[in-house]
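These notes are about the structure you will find just below.
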Amino acid sequence: RLHRHAAAQRDRQGWAYQMFETWHGRMLLRTGRLTEARAVLDGRYALEDGTHAAAVLDAAGIVALGRLAIHTGDPRQARRLADVAEVMLERGTPAVRRHASWLLALFAMAEGNPEAARGWLRAPTEPDARVMLPRFPLDIADEVLLARIARATQDDELAQLALSNSGRRAKLNPDVASIAATAAHVRGLLEPSHASLREAVDLFDPTPRRLELAAALEDLGVELIASQTDGVAYFRLLQTLAHYGREQLAERPEATAIRRRHAEYFAEFGERGI
């Protein structure tokens, strides 16, 4: 009996550690610390054989690995994870299948195929053939992806879902900047509104959510370039992007060498008088 109790306790401790590692990796990813996130998540999940993924790997961590592959431009890892997601979709529980559909939608958007992303979001994941919406997404800022898919596919139902979910959370949590920023970002995409996108950038800026800040900056830049109206906002956009780039560079071990090569290049550039 004591042996069984000790074994059960070890299993619980192992499960708790694995859940912590998954959570830790996801938080590192959300804050833009991609190198650290990769170290944590790659160590947590071994993807040698995707056919076993649906049974043994935590679905939320697999989605985080997929996001990491997208943000780091790793097509080989993305293909492997897409295969894993297909297995999860075929063999997993409804909750696992919802994660798989979401991951495949992420990959479809990264490949510039919003119609395919919309198809994955509406794929049946329940025994009674109900689709994954509206019991998703996993994170508050994922409403932005829903808004992008809705805008690209002109899906009014999906647009209203993103607006209502993000707006409701903002009203219930008026003091949480990242939630308010997400609601502003969704409004800015779907109205569309430069003011709402600028509000999203301003609200995300002091938070640790660097990837969401970068996404808001990207969308604001696209809108400003398309309209060619707000020169001051566009200059501020460039300043914020430069600041974000410096933050990312500072985390890399080769930062000093990169700065030196950058300085040498522009010194030579100036000497040539170009």
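Ligands are numbered from 1 in the order shown, chains are lettered A, B, ... in the order of the structure tokens, and residues start at 1 in each chain.
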
- Query: Excluding same-chain residues fewer than 2 positions from stretch 142-151 of chain A, what lies within 9 Å of it counting only C-alpha atoms, as a PyMOL selection string?
  - Reply: chain A and resi 106+109+114-115+117-118+136-140+153-163+165-166+182-183+185-187+189-190+215

Any chance you can output those residues with N, CA and C atoms as a compact mmCIF listing (two decimals), in the first residue's frame?
# COMPACT_ATOMS: atom_id res chain seq x y z
N LEU A 106 -4.20 28.37 -37.13
CA LEU A 106 -3.03 29.24 -37.01
C LEU A 106 -2.07 29.04 -38.18
N MET A 109 -3.46 30.55 -41.44
CA MET A 109 -3.31 32.00 -41.51
C MET A 109 -1.85 32.39 -41.75
N PRO A 114 -6.74 32.40 -45.33
CA PRO A 114 -7.79 32.59 -44.33
C PRO A 114 -9.01 31.71 -44.55
N GLU A 115 -9.31 31.34 -45.80
CA GLU A 115 -10.46 30.47 -46.03
C GLU A 115 -10.23 29.09 -45.39
N ALA A 117 -8.27 28.59 -42.82
CA ALA A 117 -8.34 28.83 -41.37
C ALA A 117 -9.79 28.83 -40.90
N ARG A 118 -10.64 29.51 -41.64
CA ARG A 118 -12.06 29.55 -41.31
C ARG A 118 -12.66 28.14 -41.34
N PHE A 136 -13.99 28.80 -27.75
CA PHE A 136 -12.58 29.06 -27.97
C PHE A 136 -12.46 30.54 -28.19
N PRO A 137 -11.33 31.17 -28.18
CA PRO A 137 -9.97 30.61 -28.22
C PRO A 137 -9.38 30.39 -26.83
N LEU A 138 -8.09 30.05 -26.84
CA LEU A 138 -7.41 29.70 -25.60
C LEU A 138 -6.99 30.91 -24.79
N ASP A 139 -6.74 32.01 -25.42
CA ASP A 139 -6.17 33.18 -24.78
C ASP A 139 -6.95 34.41 -25.20
N ILE A 140 -6.98 35.41 -24.33
CA ILE A 140 -7.77 36.60 -24.65
C ILE A 140 -7.36 37.23 -25.97
N THR A 153 -12.31 36.81 -44.67
CA THR A 153 -13.31 35.95 -45.30
C THR A 153 -14.69 36.57 -45.34
N GLN A 154 -14.80 37.80 -44.81
CA GLN A 154 -16.08 38.50 -44.75
C GLN A 154 -17.14 37.67 -44.03
N ASP A 155 -16.72 37.09 -42.92
CA ASP A 155 -17.60 36.25 -42.11
C ASP A 155 -18.18 37.12 -40.99
N ASP A 156 -19.41 37.62 -41.18
CA ASP A 156 -20.02 38.52 -40.21
C ASP A 156 -20.26 37.83 -38.87
N GLU A 157 -20.63 36.58 -38.90
CA GLU A 157 -20.89 35.86 -37.64
C GLU A 157 -19.63 35.76 -36.81
N LEU A 158 -18.52 35.43 -37.46
CA LEU A 158 -17.25 35.33 -36.76
C LEU A 158 -16.80 36.70 -36.26
N ALA A 159 -17.04 37.74 -37.05
CA ALA A 159 -16.69 39.10 -36.62
C ALA A 159 -17.46 39.50 -35.38
N GLN A 160 -18.76 39.24 -35.36
CA GLN A 160 -19.57 39.58 -34.20
C GLN A 160 -19.14 38.79 -32.97
N LEU A 161 -18.73 37.55 -33.17
CA LEU A 161 -18.24 36.74 -32.06
C LEU A 161 -16.99 37.35 -31.45
N ALA A 162 -16.04 37.74 -32.30
CA ALA A 162 -14.80 38.35 -31.80
C ALA A 162 -15.09 39.66 -31.09
N LEU A 163 -15.96 40.49 -31.66
CA LEU A 163 -16.31 41.77 -31.05
C LEU A 163 -17.00 41.58 -29.70
N ASN A 165 -17.08 38.88 -27.67
CA ASN A 165 -16.24 38.24 -26.64
C ASN A 165 -15.22 39.21 -26.07
N SER A 166 -14.50 39.91 -26.94
CA SER A 166 -13.47 40.83 -26.46
C SER A 166 -14.09 42.02 -25.73
N THR A 182 -6.82 44.21 -26.28
CA THR A 182 -7.34 43.23 -27.23
C THR A 182 -8.67 43.70 -27.81
N ALA A 183 -9.55 44.22 -26.95
CA ALA A 183 -10.84 44.72 -27.44
C ALA A 183 -10.64 45.85 -28.44
N HIS A 185 -7.98 46.35 -30.30
CA HIS A 185 -7.38 45.78 -31.50
C HIS A 185 -8.44 45.15 -32.39
N VAL A 186 -9.35 44.40 -31.78
CA VAL A 186 -10.43 43.77 -32.55
C VAL A 186 -11.31 44.83 -33.21
N ARG A 187 -11.67 45.87 -32.45
CA ARG A 187 -12.47 46.95 -33.03
C ARG A 187 -11.74 47.61 -34.19
N LEU A 189 -9.59 46.40 -36.21
CA LEU A 189 -9.56 45.56 -37.40
C LEU A 189 -10.91 45.51 -38.11
N LEU A 190 -11.98 45.44 -37.33
CA LEU A 190 -13.28 45.16 -37.91
C LEU A 190 -14.09 46.40 -38.25
N ALA A 215 1.87 42.60 -33.01
CA ALA A 215 0.74 42.38 -33.91
C ALA A 215 -0.08 43.65 -34.09

- Message: What parts of stretch 21-90 of chain A does DSSP call alpha helix (DSSP H)? I'd like the answer as number ranges by chain.
- Response: A: 21-30, 34-44, 53-56, 59-71, 75-90

- Query: What does the distance from atom CA of A:Ala226 to atom CA of A:Gly73 come to in Å, to one decimal?
  - Reply: 26.0 Å

- Task: Quick one: everything within 8 Å of A:Glu223, counting only C-alpha atoms, minus sequence neighbours fewer than 4 positions away in the same chain. Send it as a PyMOL selection string.
- Result: chain A and resi 194+219+227

Any chance you can output those residues with N, CA, C and O atoms as a PDB file, in the first residue's frame?
ATOM      1  N   HIS A 194      -8.267  53.589 -37.230  1.00  0.00           N
ATOM      2  CA  HIS A 194      -6.894  53.912 -36.821  1.00  0.00           C
ATOM      3  C   HIS A 194      -6.840  54.217 -35.339  1.00  0.00           C
ATOM      4  O   HIS A 194      -5.893  53.823 -34.640  1.00  0.00           O
ATOM      5  N   ASP A 219      -0.674  45.738 -37.625  1.00  0.00           N
ATOM      6  CA  ASP A 219      -1.978  46.101 -38.187  1.00  0.00           C
ATOM      7  C   ASP A 219      -2.146  47.607 -38.311  1.00  0.00           C
ATOM      8  O   ASP A 219      -2.710  48.101 -39.291  1.00  0.00           O
ATOM      9  N   SER A 227      -3.875  54.145 -45.902  1.00  0.00           N
ATOM     10  CA  SER A 227      -4.568  55.436 -45.938  1.00  0.00           C
ATOM     11  C   SER A 227      -3.625  56.598 -46.227  1.00  0.00           C
ATOM     12  O   SER A 227      -4.041  57.633 -46.749  1.00  0.00           O
TER      13      SER A 227
END

For A:Asp202, please output as a PDB file with N, CA, C and O atoms, in the first residue's frame all residues within 9 Å (counting only C-alpha atoms; exclusion window: fewer than 4 positions along the same chain).
ATOM      1  N   ALA A 181      -6.754  46.274 -24.385  1.00  0.00           N
ATOM      2  CA  ALA A 181      -5.987  46.399 -25.627  1.00  0.00           C
ATOM      3  C   ALA A 181      -6.498  45.435 -26.689  1.00  0.00           C
ATOM      4  O   ALA A 181      -6.613  45.791 -27.869  1.00  0.00           O
ATOM      5  N   LEU A 197      -6.804  51.091 -33.252  1.00  0.00           N
ATOM      6  CA  LEU A 197      -5.525  50.386 -33.360  1.00  0.00           C
ATOM      7  C   LEU A 197      -4.431  51.117 -32.585  1.00  0.00           C
ATOM      8  O   LEU A 197      -3.593  50.485 -31.939  1.00  0.00           O
ATOM      9  N   ARG A 198      -4.438  52.461 -32.636  1.00  0.00           N
ATOM     10  CA  ARG A 198      -3.465  53.222 -31.839  1.00  0.00           C
ATOM     11  C   ARG A 198      -3.715  53.003 -30.351  1.00  0.00           C
ATOM     12  O   ARG A 198      -2.773  52.908 -29.555  1.00  0.00           O
ATOM     13  N   PRO A 206       2.861  49.085 -22.255  1.00  0.00           N
ATOM     14  CA  PRO A 206       3.451  48.864 -20.928  1.00  0.00           C
ATOM     15  C   PRO A 206       3.262  47.450 -20.389  1.00  0.00           C
ATOM     16  O   PRO A 206       3.784  47.136 -19.316  1.00  0.00           O
ATOM     17  N   LEU A 213       1.758  43.263 -28.801  1.00  0.00           N
ATOM     18  CA  LEU A 213       2.139  44.622 -29.188  1.00  0.00           C
ATOM     19  C   LEU A 213       2.638  44.637 -30.628  1.00  0.00           C
ATOM     20  O   LEU A 213       2.254  45.512 -31.428  1.00  0.00           O
TER      21      LEU A 213
END

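Candidate residues A:Ile62, A:Leu68, A:Val87, A:Ala180 were compared for distance to A:Arg33, and the nearest is A:Leu68, using only C-alpha atoms.
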
- Task: Measuring atom to atom with only C-alpha atoms, identify which of A:Ala59, A:Ala141, A:Ala195, A:Leu65 is nearest to A:Gly25.
- Result: A:Leu65

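A straight line drawn from atom CA of A:Leu104 to atom CA of A:Leu81 is 9.0 Å long.
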
- Message: Report as number ranges by chain all protein, DNA and RNA residues lying within 12 Å of A:Gln77, evaluated on only C-alpha atoms, omitting residues in the same chain fewer than 3 positions from it.
- Response: A: 38, 42, 46-48, 50, 62, 65-74, 80-84, 107
